[in-house]
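Here is the file run-v1.txt (compact mmCIF, C-alpha atoms and all ligand atoms).
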# COMPACT_ATOMS: atom_id res chain seq x y z
CA MET A 940 0.00 0.00 0.00
CA GLN A 941 1.14 3.52 -0.78
CA HIS A 942 0.46 6.44 1.51
CA CYS A 943 -1.49 9.51 0.45
CA ASP A 944 -2.88 12.32 2.60
CA THR A 945 -6.40 12.31 1.16
CA LEU A 946 -8.29 10.01 -1.15
CA ILE A 947 -11.51 11.30 -2.72
CA LEU A 948 -13.74 8.71 -4.39
CA ALA A 949 -16.43 10.17 -6.61
CA GLY A 950 -19.27 8.89 -8.80
CA TRP A 951 -17.67 10.76 -11.70
CA CYS A 952 -14.28 12.43 -12.09
CA ILE A 953 -14.14 15.00 -14.88
CA PRO A 954 -10.52 15.95 -15.49
CA VAL A 955 -11.38 18.66 -18.14
CA GLU A 956 -7.99 17.98 -19.71
CA PRO A 957 -8.11 15.76 -21.76
CA HIS A 958 -11.20 17.47 -23.10
CA GLY A 959 -14.73 16.14 -22.65
CA ILE A 960 -13.85 12.96 -20.73
CA VAL A 961 -15.96 11.55 -17.87
CA LEU A 962 -14.43 8.84 -15.70
CA ASP A 963 -17.04 6.77 -13.82
CA ASP A 964 -16.23 5.70 -10.24
CA HIS A 965 -12.77 7.19 -10.07
CA ALA A 966 -10.63 8.63 -7.30
CA VAL A 967 -8.14 11.42 -6.81
CA ALA A 968 -5.21 10.89 -4.44
CA ILE A 969 -3.67 13.96 -2.80
CA THR A 970 -0.36 14.40 -1.00
CA ASP A 971 1.22 17.67 0.18
CA GLY A 972 -1.60 19.64 -1.43
CA ARG A 973 -1.06 18.20 -4.90
CA ILE A 974 -2.82 15.61 -7.01
CA VAL A 975 -0.63 12.50 -7.12
CA ASP A 976 -2.98 10.10 -8.88
CA LEU A 977 -6.27 9.81 -10.77
CA LEU A 978 -7.40 6.19 -11.04
CA PRO A 979 -10.41 3.84 -10.84
CA ALA A 980 -11.91 3.81 -7.34
CA ALA A 981 -11.48 0.04 -6.99
CA ASP A 982 -7.76 0.32 -7.75
CA ALA A 983 -7.40 3.28 -5.40
CA ARG A 984 -8.87 1.29 -2.51
CA SER A 985 -6.36 -1.49 -2.94
CA LEU A 986 -3.37 0.72 -3.76
CA TYR A 987 -3.59 3.63 -1.30
CA ALA A 988 -3.62 3.84 2.49
CA ALA A 989 -5.02 7.34 2.94
CA GLY A 990 -4.87 9.61 5.99
CA THR A 991 -8.42 10.70 5.13
CA THR A 992 -10.84 8.98 2.77
CA ILE A 993 -13.87 10.86 1.44
CA GLU A 994 -16.60 9.01 -0.45
CA ARG A 995 -18.85 11.01 -2.77
CA PRO A 996 -21.10 8.67 -4.76
CA GLY A 997 -23.54 10.61 -6.97
CA HIS A 998 -21.13 13.54 -7.07
CA ALA A 999 -18.99 14.96 -9.86
CA LEU A 1000 -15.41 15.79 -8.87
CA ILE A 1001 -14.02 18.56 -11.07
CA PRO A 1002 -11.22 21.13 -11.01
CA GLY A 1003 -12.29 24.18 -8.98
CA PHE A 1004 -13.75 27.05 -10.98
CA VAL A 1005 -11.43 29.91 -11.96
CA ASN A 1006 -13.06 33.34 -11.78
CA ALA A 1007 -10.76 35.21 -14.16
CA HIS A 1008 -12.11 38.69 -13.48
CA THR A 1009 -13.62 40.28 -10.41
CA HIS A 1010 -13.33 43.20 -8.03
CA ALA A 1011 -13.82 41.23 -4.83
CA ALA A 1012 -14.32 44.05 -2.35
CA MET A 1013 -17.19 45.46 -4.40
CA THR A 1014 -19.40 42.83 -2.78
CA LEU A 1015 -20.00 45.52 -0.14
CA LEU A 1016 -21.61 47.69 -2.86
CA ARG A 1017 -23.86 44.86 -4.08
CA GLY A 1018 -27.31 46.23 -4.85
CA LEU A 1019 -26.35 49.82 -4.07
CA ALA A 1020 -26.75 51.02 -7.66
CA ASP A 1021 -28.63 48.82 -10.10
CA ASP A 1022 -30.32 49.30 -13.44
CA LEU A 1023 -27.97 51.91 -14.92
CA PRO A 1024 -25.82 51.83 -18.08
CA LEU A 1025 -22.05 51.39 -17.63
CA GLU A 1026 -20.89 55.01 -17.87
CA ARG A 1027 -23.61 56.41 -15.57
CA TRP A 1028 -23.25 53.47 -13.20
CA LEU A 1029 -19.52 54.17 -12.84
CA LYS A 1030 -19.56 57.97 -12.77
CA GLU A 1031 -22.72 58.67 -10.79
CA SER A 1032 -22.72 55.80 -8.32
CA ILE A 1033 -19.70 53.55 -8.08
CA TRP A 1034 -16.77 55.96 -8.25
CA PRO A 1035 -18.29 58.42 -5.71
CA ALA A 1036 -19.10 55.53 -3.34
CA GLU A 1037 -15.58 54.15 -3.71
CA ASN A 1038 -13.99 57.53 -3.07
CA ARG A 1039 -16.02 57.85 0.09
CA TRP A 1040 -15.68 54.34 1.53
CA VAL A 1041 -12.73 52.41 0.14
CA GLY A 1042 -9.95 51.82 2.66
CA THR A 1043 -8.13 48.90 4.24
CA GLU A 1044 -11.08 47.82 6.38
CA PHE A 1045 -13.55 48.03 3.48
CA VAL A 1046 -11.28 46.02 1.19
CA ARG A 1047 -10.57 43.40 3.84
CA ASP A 1048 -14.23 42.87 4.74
CA GLY A 1049 -15.43 42.98 1.13
CA THR A 1050 -12.75 40.56 -0.03
CA ARG A 1051 -13.59 38.14 2.80
CA LEU A 1052 -17.25 38.20 1.79
CA ALA A 1053 -16.29 37.61 -1.85
CA ILE A 1054 -13.91 34.74 -1.12
CA ALA A 1055 -16.47 33.04 1.12
CA GLU A 1056 -19.13 33.38 -1.58
CA MET A 1057 -16.79 32.11 -4.29
CA LEU A 1058 -15.64 29.11 -2.23
CA LEU A 1059 -19.23 28.11 -1.49
CA SER A 1060 -20.00 28.11 -5.23
CA GLY A 1061 -16.99 25.95 -6.12
CA CYS A 1062 -14.47 28.61 -7.10
CA THR A 1063 -10.87 27.99 -6.02
CA CYS A 1064 -9.04 30.80 -7.80
CA PHE A 1065 -9.90 34.38 -8.66
CA SER A 1066 -8.25 37.23 -10.46
CA ASP A 1067 -8.85 40.54 -8.75
CA GLN A 1068 -8.29 44.16 -9.62
CA TYR A 1069 -8.96 46.67 -6.89
CA PHE A 1070 -7.53 49.34 -4.65
CA TYR A 1071 -5.37 48.15 -1.72
CA PRO A 1072 -4.26 45.04 -3.63
CA GLU A 1073 -1.91 44.18 -0.76
CA ILE A 1074 -4.97 43.76 1.47
CA VAL A 1075 -6.64 41.57 -1.18
CA ALA A 1076 -3.49 39.42 -1.29
CA GLU A 1077 -3.24 39.21 2.51
CA THR A 1078 -6.91 38.28 2.82
CA ALA A 1079 -6.62 35.58 0.16
CA GLU A 1080 -3.51 34.24 1.89
CA ASN A 1081 -5.24 34.20 5.28
CA MET A 1082 -8.28 32.39 3.85
CA HIS A 1083 -6.05 29.99 1.87
CA MET A 1084 -7.57 31.03 -1.46
CA ARG A 1085 -5.69 31.09 -4.75
CA ALA A 1086 -5.59 34.56 -6.28
CA VAL A 1087 -4.03 36.61 -9.03
CA VAL A 1088 -3.88 40.05 -7.47
CA ALA A 1089 -3.66 42.86 -9.99
CA THR A 1090 -2.56 46.33 -9.00
CA PRO A 1091 -4.86 49.02 -10.36
CA VAL A 1092 -3.27 51.73 -12.49
CA LEU A 1093 -5.12 55.02 -12.91
CA GLU A 1094 -4.14 58.53 -13.85
CA PHE A 1095 -6.18 60.08 -11.05
CA ALA A 1096 -5.86 59.95 -7.28
CA SER A 1097 -7.71 57.46 -5.11
CA PRO A 1098 -7.47 56.74 -1.40
CA TRP A 1099 -4.68 54.28 -2.27
CA ALA A 1100 -2.38 56.26 -4.58
CA ASN A 1101 -2.04 59.75 -6.05
CA ASN A 1102 -0.92 59.17 -9.63
CA ALA A 1103 -0.02 56.44 -12.09
CA ALA A 1104 3.65 56.34 -11.05
CA GLU A 1105 2.64 55.76 -7.44
CA TYR A 1106 0.17 52.98 -8.36
CA LEU A 1107 3.01 51.23 -10.22
CA SER A 1108 5.61 51.62 -7.47
CA LYS A 1109 3.25 50.60 -4.66
CA GLY A 1110 2.02 47.60 -6.62
CA THR A 1111 5.57 46.47 -7.32
CA GLU A 1112 6.64 46.76 -3.70
CA LEU A 1113 3.51 45.69 -1.81
CA VAL A 1114 2.23 42.92 -4.07
CA HIS A 1115 4.82 41.77 -6.62
CA ASP A 1116 7.90 41.82 -4.34
CA ARG A 1117 6.12 40.76 -1.17
CA PHE A 1118 4.28 37.79 -2.67
CA ALA A 1119 6.94 36.63 -5.13
CA GLU A 1120 7.18 32.81 -5.23
CA HIS A 1121 4.04 32.45 -3.10
CA ALA A 1122 2.21 29.12 -3.59
CA LEU A 1123 -1.24 30.75 -3.72
CA ILE A 1124 -0.75 34.39 -4.69
CA SER A 1125 0.55 35.76 -7.97
CA SER A 1126 0.47 39.32 -9.25
CA ALA A 1127 -0.40 41.37 -12.32
CA PHE A 1128 -1.11 44.96 -13.33
CA ALA A 1129 -4.54 46.31 -14.17
CA PRO A 1130 -4.94 49.68 -15.79
CA HIS A 1131 -8.68 50.23 -15.38
CA SER A 1132 -9.37 51.01 -19.04
CA THR A 1133 -7.83 53.01 -21.85
CA GLY A 1134 -9.92 56.05 -20.88
CA THR A 1135 -8.26 56.40 -17.49
CA VAL A 1136 -4.55 55.99 -18.37
CA SER A 1137 -2.28 58.27 -20.45
CA ASP A 1138 0.09 57.17 -23.22
CA GLU A 1139 3.08 57.94 -20.98
CA SER A 1140 1.73 55.78 -18.15
CA PHE A 1141 0.88 52.92 -20.51
CA THR A 1142 4.45 53.05 -21.81
CA ALA A 1143 5.91 53.06 -18.28
CA LEU A 1144 3.62 50.17 -17.38
CA ARG A 1145 4.67 48.14 -20.43
CA VAL A 1146 8.36 48.57 -19.57
CA LEU A 1147 7.78 47.61 -15.91
CA ALA A 1148 5.55 44.62 -16.73
CA ASP A 1149 8.17 43.36 -19.21
CA GLN A 1150 10.93 43.73 -16.62
CA LEU A 1151 8.96 41.86 -13.97
CA ASP A 1152 7.45 39.43 -16.50
CA LYS A 1153 3.92 40.25 -15.31
CA PRO A 1154 0.67 40.14 -17.28
CA ILE A 1155 -1.53 43.17 -17.84
CA GLN A 1156 -5.31 43.01 -17.66
CA LEU A 1157 -7.78 45.76 -18.48
CA HIS A 1158 -11.40 46.40 -19.36
CA LEU A 1159 -11.34 46.68 -23.15
CA HIS A 1160 -14.09 47.35 -25.67
CA GLU A 1161 -16.71 46.71 -23.00
CA SER A 1162 -19.35 49.14 -24.28
CA ALA A 1163 -20.03 50.97 -27.54
CA GLN A 1164 -19.89 54.19 -25.53
CA GLU A 1165 -16.31 53.44 -24.42
CA ILE A 1166 -15.22 53.19 -28.06
CA GLU A 1167 -17.14 56.34 -29.08
CA ASP A 1168 -15.61 58.31 -26.20
CA ALA A 1169 -12.13 57.09 -27.13
CA LEU A 1170 -12.60 58.07 -30.77
CA ALA A 1171 -13.78 61.51 -29.71
CA ALA A 1172 -10.87 62.00 -27.30
CA THR A 1173 -7.97 60.46 -29.22
CA GLY A 1174 -9.20 59.64 -32.72
CA GLU A 1175 -8.27 56.00 -32.11
CA ARG A 1176 -10.22 52.90 -31.12
CA PRO A 1177 -8.83 51.67 -27.76
CA ILE A 1178 -7.33 48.57 -29.37
CA ASP A 1179 -5.52 50.66 -31.99
CA ARG A 1180 -4.11 52.89 -29.29
CA LEU A 1181 -2.86 49.91 -27.26
CA GLU A 1182 -1.34 48.44 -30.42
CA ARG A 1183 0.55 51.69 -31.07
CA LEU A 1184 1.82 51.59 -27.46
CA GLY A 1185 3.03 48.00 -27.79
CA LEU A 1186 0.46 46.40 -25.48
CA ILE A 1187 -1.36 44.07 -27.87
CA ASN A 1188 0.58 40.89 -27.12
CA SER A 1189 0.38 37.59 -25.26
CA SER A 1190 0.79 39.31 -21.86
CA LEU A 1191 -2.54 41.06 -22.34
CA LEU A 1192 -5.76 39.80 -20.77
CA ALA A 1193 -8.60 41.76 -22.38
CA VAL A 1194 -11.60 41.84 -20.06
CA HIS A 1195 -15.04 41.88 -21.76
CA ALA A 1196 -14.03 42.39 -25.44
CA VAL A 1197 -17.72 42.71 -26.29
CA HIS A 1198 -17.26 45.02 -29.28
CA LEU A 1199 -14.63 43.56 -31.59
CA THR A 1200 -14.61 43.72 -35.38
CA ASP A 1201 -13.71 40.56 -37.28
CA GLU A 1202 -10.35 42.14 -38.03
CA GLU A 1203 -9.75 42.86 -34.33
CA ILE A 1204 -10.55 39.24 -33.47
CA SER A 1205 -7.96 38.11 -36.03
CA ARG A 1206 -5.46 40.58 -34.58
CA PHE A 1207 -6.04 39.28 -31.02
CA ALA A 1208 -5.59 35.71 -32.24
CA ALA A 1209 -2.35 36.51 -34.09
CA ALA A 1210 -0.94 38.39 -31.09
CA GLY A 1211 -1.96 35.73 -28.51
CA VAL A 1212 -4.17 38.10 -26.50
CA GLN A 1213 -6.42 36.30 -24.00
CA VAL A 1214 -9.99 37.35 -23.25
CA VAL A 1215 -12.17 37.19 -20.13
CA HIS A 1216 -15.87 36.95 -20.91
CA CYS A 1217 -18.21 38.22 -18.17
CA PRO A 1218 -21.66 37.33 -19.51
CA ASN A 1219 -23.90 38.36 -16.63
CA SER A 1220 -22.18 41.70 -16.04
CA ASN A 1221 -22.44 42.45 -19.78
CA LEU A 1222 -26.13 41.58 -19.73
CA LYS A 1223 -26.89 43.68 -16.66
CA LEU A 1224 -25.08 46.78 -17.94
CA ALA A 1225 -26.56 46.23 -21.43
CA ASP A 1226 -23.05 46.23 -22.90
CA GLY A 1227 -23.94 43.72 -25.61
CA VAL A 1228 -22.93 40.08 -26.18
CA ALA A 1229 -19.34 39.07 -26.96
CA LYS A 1230 -18.59 36.90 -30.03
CA VAL A 1231 -17.23 34.09 -27.88
CA ALA A 1232 -17.64 31.22 -30.33
CA GLN A 1233 -15.98 33.24 -33.10
CA MET A 1234 -13.07 34.14 -30.80
CA GLN A 1235 -12.62 30.49 -29.82
CA ALA A 1236 -12.83 29.38 -33.44
CA ASN A 1237 -9.95 31.78 -34.14
CA GLY A 1238 -7.89 30.12 -31.38
CA ILE A 1239 -8.27 32.80 -28.70
CA VAL A 1240 -8.34 31.49 -25.12
CA VAL A 1241 -11.54 32.82 -23.56
CA ALA A 1242 -11.82 32.60 -19.77
CA LEU A 1243 -14.90 33.35 -17.67
CA GLY A 1244 -15.37 35.97 -14.98
CA THR A 1245 -18.14 37.30 -12.80
CA ASP A 1246 -16.87 40.90 -12.74
CA GLY A 1247 -17.61 42.70 -9.46
CA ALA A 1248 -20.73 42.01 -7.42
CA ALA A 1249 -21.95 45.57 -8.00
CA SER A 1250 -22.61 44.74 -11.67
CA ASN A 1251 -23.66 41.09 -11.60
CA ASN A 1252 -24.71 40.78 -8.64
CA LEU A 1253 -23.44 37.27 -7.81
CA LEU A 1254 -19.97 35.74 -7.74
CA ASN A 1255 -21.39 32.48 -8.99
CA MET A 1256 -19.25 30.67 -11.54
CA PRO A 1257 -21.79 27.86 -12.26
CA GLY A 1258 -24.22 30.62 -13.25
CA GLU A 1259 -21.65 32.31 -15.50
CA MET A 1260 -20.90 28.99 -17.17
CA ARG A 1261 -24.57 28.44 -18.00
CA SER A 1262 -25.03 32.00 -19.25
CA ALA A 1263 -21.88 31.75 -21.38
CA ALA A 1264 -23.07 28.57 -23.03
CA LEU A 1265 -26.55 29.95 -23.75
CA LEU A 1266 -25.38 33.35 -24.97
CA ALA A 1267 -22.70 31.91 -27.26
CA LYS A 1268 -25.38 29.88 -29.04
CA THR A 1269 -27.68 32.88 -29.43
CA LYS A 1270 -24.89 35.18 -30.62
CA ALA A 1271 -23.69 32.64 -33.19
CA ASN A 1272 -27.27 31.66 -34.10
CA ASP A 1273 -26.03 28.10 -33.77
CA ALA A 1274 -27.01 25.67 -30.97
CA THR A 1275 -23.75 23.77 -31.47
CA ALA A 1276 -21.57 26.87 -31.00
CA MET A 1277 -20.75 26.15 -27.35
CA PRO A 1278 -21.12 22.51 -26.23
CA ALA A 1279 -21.36 21.89 -22.47
CA ALA A 1280 -17.82 20.50 -22.26
CA SER A 1281 -16.46 23.73 -23.79
CA ALA A 1282 -18.32 25.84 -21.25
CA LEU A 1283 -16.91 23.73 -18.39
CA ARG A 1284 -13.45 24.11 -19.88
CA MET A 1285 -13.82 27.91 -20.06
CA ALA A 1286 -14.77 27.99 -16.38
CA THR A 1287 -11.76 25.91 -15.31
CA PHE A 1288 -8.79 25.12 -17.58
CA ASP A 1289 -9.14 28.10 -19.93
CA GLY A 1290 -9.34 30.40 -16.90
CA ALA A 1291 -6.12 28.91 -15.56
CA SER A 1292 -4.50 29.30 -19.01
CA ALA A 1293 -5.54 32.93 -19.36
CA LEU A 1294 -4.05 33.66 -15.92
CA GLY A 1295 -0.79 31.88 -16.70
CA LEU A 1296 -1.56 29.10 -14.21
CA ALA A 1297 -2.29 26.20 -16.59
CA ASP A 1298 0.72 24.23 -15.34
CA GLN A 1299 -0.51 24.67 -11.74
CA VAL A 1300 -4.30 24.24 -11.71
CA GLY A 1301 -7.36 23.95 -13.97
CA SER A 1302 -7.54 20.18 -14.50
CA LEU A 1303 -7.33 16.91 -12.57
CA GLN A 1304 -3.81 15.92 -13.51
CA SER A 1305 -0.98 14.51 -11.41
CA GLY A 1306 1.42 17.17 -10.21
CA LYS A 1307 -1.12 19.99 -10.20
CA TRP A 1308 -2.37 21.59 -7.02
CA ALA A 1309 -5.43 19.84 -5.60
CA ASP A 1310 -7.87 22.70 -6.28
CA LEU A 1311 -11.05 20.67 -6.51
CA CYS A 1312 -14.78 20.81 -6.20
CA ALA A 1313 -17.33 18.03 -5.57
CA ILE A 1314 -20.84 18.76 -6.83
CA ASP A 1315 -23.88 16.82 -5.66
CA LEU A 1316 -25.84 15.55 -8.66
CA THR A 1317 -28.37 13.58 -6.58
CA ARG A 1318 -30.71 16.59 -6.23
CA LEU A 1319 -34.03 16.55 -8.10
CA ASN A 1320 -33.07 19.28 -10.55
CA SER A 1321 -30.05 17.30 -11.78
CA GLN A 1322 -31.79 13.95 -12.09
CA PRO A 1323 -31.51 11.66 -13.95
CA VAL A 1324 -27.85 11.85 -14.88
CA TYR A 1325 -27.32 10.82 -18.50
CA ASP A 1326 -24.34 13.10 -18.91
CA PRO A 1327 -22.75 14.68 -15.83
CA ILE A 1328 -21.13 17.47 -17.88
CA SER A 1329 -24.53 18.47 -19.23
CA GLN A 1330 -25.90 18.57 -15.66
CA LEU A 1331 -22.98 20.70 -14.44
CA VAL A 1332 -23.46 23.31 -17.14
CA TYR A 1333 -27.24 23.36 -17.56
CA ALA A 1334 -28.85 21.88 -14.44
CA ILE A 1335 -27.15 22.71 -11.17
CA HIS A 1336 -27.54 25.42 -8.58
CA ALA A 1337 -24.46 26.78 -6.83
CA ASN A 1338 -25.63 25.29 -3.52
CA GLN A 1339 -25.04 21.80 -4.91
CA VAL A 1340 -21.33 22.40 -4.33
CA ARG A 1341 -20.66 20.07 -1.42
CA ASP A 1342 -16.88 20.17 -1.00
CA VAL A 1343 -14.08 22.45 -2.09
CA TRP A 1344 -10.35 21.96 -1.66
CA VAL A 1345 -7.69 24.59 -2.32
CA ALA A 1346 -4.17 23.16 -2.55
CA GLY A 1347 -5.52 20.11 -0.75
CA ARG A 1348 -7.08 21.99 2.16
CA HIS A 1349 -10.75 21.12 2.69
CA GLN A 1350 -12.31 24.60 2.60
CA VAL A 1351 -15.97 23.70 2.10
CA GLU A 1352 -17.32 20.58 3.80
CA ASN A 1353 -20.90 19.44 3.36
CA GLY A 1354 -21.77 22.78 1.80
CA GLU A 1355 -20.38 24.89 4.64
CA LEU A 1356 -17.21 26.92 5.12
CA SER A 1357 -14.90 24.89 7.31
CA GLN A 1358 -12.27 27.54 8.11
CA THR A 1359 -14.28 30.77 8.22
CA SER A 1360 -17.29 31.98 10.19
CA GLU A 1361 -20.09 32.78 7.76
CA ALA A 1362 -22.06 34.50 10.55
CA ASP A 1363 -19.16 36.84 11.23
CA ILE A 1364 -18.94 37.82 7.55
CA VAL A 1365 -22.69 38.46 7.40
CA ARG A 1366 -22.51 40.62 10.52
CA ARG A 1367 -19.66 42.72 9.13
CA SER A 1368 -21.46 43.13 5.80
CA SER A 1369 -24.61 44.38 7.57
CA GLU A 1370 -22.53 46.86 9.54
CA TRP A 1371 -21.15 48.27 6.27
CA ARG A 1372 -24.67 48.57 4.86
CA ASP A 1373 -25.77 50.48 7.97
CA ARG A 1374 -22.78 52.82 7.76
CA ILE A 1375 -23.25 53.51 4.03
CA ASN A 1376 -27.03 53.89 4.37
CA ALA A 1377 -26.70 56.32 7.28
CA LYS A 1378 -24.46 58.57 5.20
CA LEU A 1379 -26.80 58.40 2.18
CA THR A 1380 -29.78 59.33 4.42
CA GLN A 1381 -27.84 62.20 5.91
CA GLU A 1382 -26.95 63.52 2.46
CA ALA A 1383 -30.49 63.16 1.06
ZN ZN B 1 -14.45 44.68 -14.12

Would you write the structure of this file as structure tokens?
Amino acid sequence: MQHCDTLILAGWCIPVEPHGIVLDDHAVAITDGRIVDLLPAADARSLYAAGTTIERPGHALIPGFVNAHTHAAMTLLRGLADDLPLERWLKESIWPAENRWVGTEFVRDGTRLAIAEMLLSGCTCFSDQYFYPEIVAETAENMHMRAVVATPVLEFASPWANNAAEYLSKGTELVHDRFAEHALISSAFAPHSTGTVSDESFTALRVLADQLDKPIQLHLHESAQEIEDALAATGERPIDRLERLGLINSSLLAVHAVHLTDEEISRFAAAGVQVVHCPNSNLKLADGVAKVAQMQANGIVVALGTDGAASNNLLNMPGEMRSAALLAKTKANDATAMPAASALRMATFDGASALGLADQVGSLQSGKWADLCAIDLTRLNSQPVYDPISQLVYAIHANQVRDVWVAGRHQVENGELSQTSEADIVRRSSEWRDRINAKLTQEA
């Protein structure tokens, strides 16, 4: 018998890579936080003496979801400003609220709420861009959550930094240097959008990101208005401007990419740009629907993200996966445009690829971190199970996530957070609502 720390036996194991495969009655063996074997359950029982054995018949064991774009702390602004178009939503509601409230305590509490919500819906890794990125990184580290923490870059002052140069230097010192070589935390840079960063700052950012070998992510071609405003201000479409500044390359993660011409899709593909599709945020802000199937057909890696809770309003990757599959079909006018297995891959392996973590997570393969999720398919709404991948994409609710492991640590057990007090997070969130409401009442 060989030793392993944990053995998980599941009704179905879906490795995602290789693509589209379902392994009936299989097991994953974990040691030191990593997957060491994926094999038939009967073989696992005879081969491994496990410290802990977990049996999940009727469950699908999959790689944890990768939320490739969010602003975690914005959970505390969830429901504060709904039903507005992107530009008004940002300028009239979100930016004033952020200027007033964002600080270390806000970011810590909001990020805790977000991580708890993401874990409970099967997400094991998120990519964040927000103020106080060092607090986001610390919070993720404390909660043992995998995160790509991107430093915001803006031309204007915020409570965190005064100008673009300061955003870059603080991000380098407080996130990149401090969390270098960390098992769970990696870093990136995130200029908010082309409208908020000058040519000089983009150039400085490109030089720094090249030196540090760090990816750059930004909101790009999210709304028609964004492109119109850019044309009025600079005479260039945002993508053309980034191209001129040397930023259209394989280090770029373009968030949204709703409004791309066929030529721009070809250019992204040729340059190796990756895209994050945020279907529910795009729907809610009436941004339009991205040409996901066309991008994929051109060879572009398209990951999935929730965007912040203020524009979604859930951090629910199973829901994004379903929306992505349905919208891709409608946009392409072709029901075969996004098969269920492709949607599951976008939510897991493609997310890991887009974040530069494909050799670490995103599939059930030996050597990768044990970032896993077990989903209960015995509930009425997922019965009967002809095809577990179909059920995962089209017929589950997030509360069917029964277990979640991040680097082998059992973070969600029987549908509940095992390491964090949910009641405490709810209490803190209510306190923030009371504080923000009191100020709004006073100002009214
Ligand atoms: Zn966003």

* Surroundings of ligand ZN 1 (chain B) up to 8 Å, based on only C-alpha atoms and all ligand atoms, as a VMD selection string -> chain A and resid 1008 to 1010 1068 1158 1194 1246 to 1247

* Quote the spacing between CA of Arg1085 in chain A and CA of Cys1062 in chain A in Å to one decimal place. =>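 According to the coordinates, CA of Arg1085 in chain A and CA of Cys1062 in chain A are separated by 9.4 Å.
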
* Long-range neighbours of Leu1186 in chain A as a ChimeraX atom specification, 12 Å cut-off, all atoms listed in the file, 2 positions minimum in chain -> /A:1130,1133,1138,1140-1146,1148-1149,1154-1157,1177-1184,1188-1193,1207,1210-1212

* Would you kindly return, as a list in words, each protein, DNA or RNA residue with an atom no farther than 10 Å from any atom of range 958-963 of chain A, considering only C-alpha atoms and excluding same-chain residues fewer than 2 positions away? =>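 Non-adjacent residues within range: Ala949, Gly950, Trp951, Cys952, Ile953, Pro954, Val955, Glu956, His965, Ala966, Leu977, Leu978, Pro979, Ala980, Ala999, Leu1000, Ile1001, Pro1278, Ala1279, Ala1280, Ser1281, Leu1283, Arg1284, Phe1288, Ser1302, Asp1326, Pro1327 and Ile1328 of chain A.
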
* **For CA of Ser1097 in chain A and CA of Thr1014 in chain A, the interatomic separation in Å (one decimal)** =>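 Going from CA of Ser1097 in chain A over to CA of Thr1014 in chain A covers 18.9 Å.
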
* Interatomic distance (Å, one decimal) between CA of Leu1331 in chain A and CA of Ala1291 in chain A ->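 Separation of CA of Leu1331 in chain A and CA of Ala1291 in chain A: 18.8 Å.
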
* Asked: Closest to Pro1024 in chain A among A:Gln1330, A:Ser1220, A:Thr1173, A:Thr970, using only C-alpha atoms?
  ->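 Residue with the minimum atom-to-atom distance to Pro1024 in chain A: A:Ser1220.
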
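Considering the residues A:Val967, A:Val1114, A:Val1332, A:Ala1036 and counting all atoms listed in the file, Phe1128 in chain A has its shortest atom-to-atom contact with A:Val1114.
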
* To do: Can you pull out every residue within 10 Å of Leu1023 in chain A, counting all atoms listed in the file, but drop anything in the same chain fewer than 5 positions away, and send it as a list in words?
  =>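 Using all atoms listed in the file, the neighbours found are Trp1028, Leu1029, Glu1031, Ser1032, Lys1223, Leu1224, Ala1225 and Ser1250 of chain A.
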
* **Spatial neighbours of Gly1347 in chain A, max dist 7 Å, all atoms listed in the file, sep filter under 2 positions, as a PyMOL selection string** => chain A and resi 969+972-973+1309-1310+1344-1345+1349

Residues of the last selection are to be written out with C-alpha atoms, as a CSV table (one decimal), in the coordinates of the input.
chain,number,residue,atom,x,y,z
A,969,ILE,CA,-3.7,14.0,-2.8
A,972,GLY,CA,-1.6,19.6,-1.4
A,973,ARG,CA,-1.1,18.2,-4.9
A,1309,ALA,CA,-5.4,19.8,-5.6
A,1310,ASP,CA,-7.9,22.7,-6.3
A,1344,TRP,CA,-10.4,22.0,-1.7
A,1345,VAL,CA,-7.7,24.6,-2.3
A,1349,HIS,CA,-10.8,21.1,2.7

* Asked: So which residues are close to (-15.9, 32.6, -12.2), meaning at most 10 Å away in the file's coordinates with all atoms listed in the file counted, and can you show them as a ChimeraX atom specification?
  -> /A:1003-1009,1057,1060-1066,1215-1217,1242-1246,1253-1260,1285-1287,1290

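For the choices A:Leu1159, A:Ala1079, A:Ile1239, A:Leu1016, the atom-to-atom distance to Asn1376 in chain A is smallest for A:Leu1016 when using all atoms listed in the file.
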
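Each of A:Val975, A:Ala1267, A:Ala1122, A:Leu1170 was checked against Lys1230 in chain A using all atoms listed in the file; the smallest atom-to-atom distance is that of A:Ala1267.
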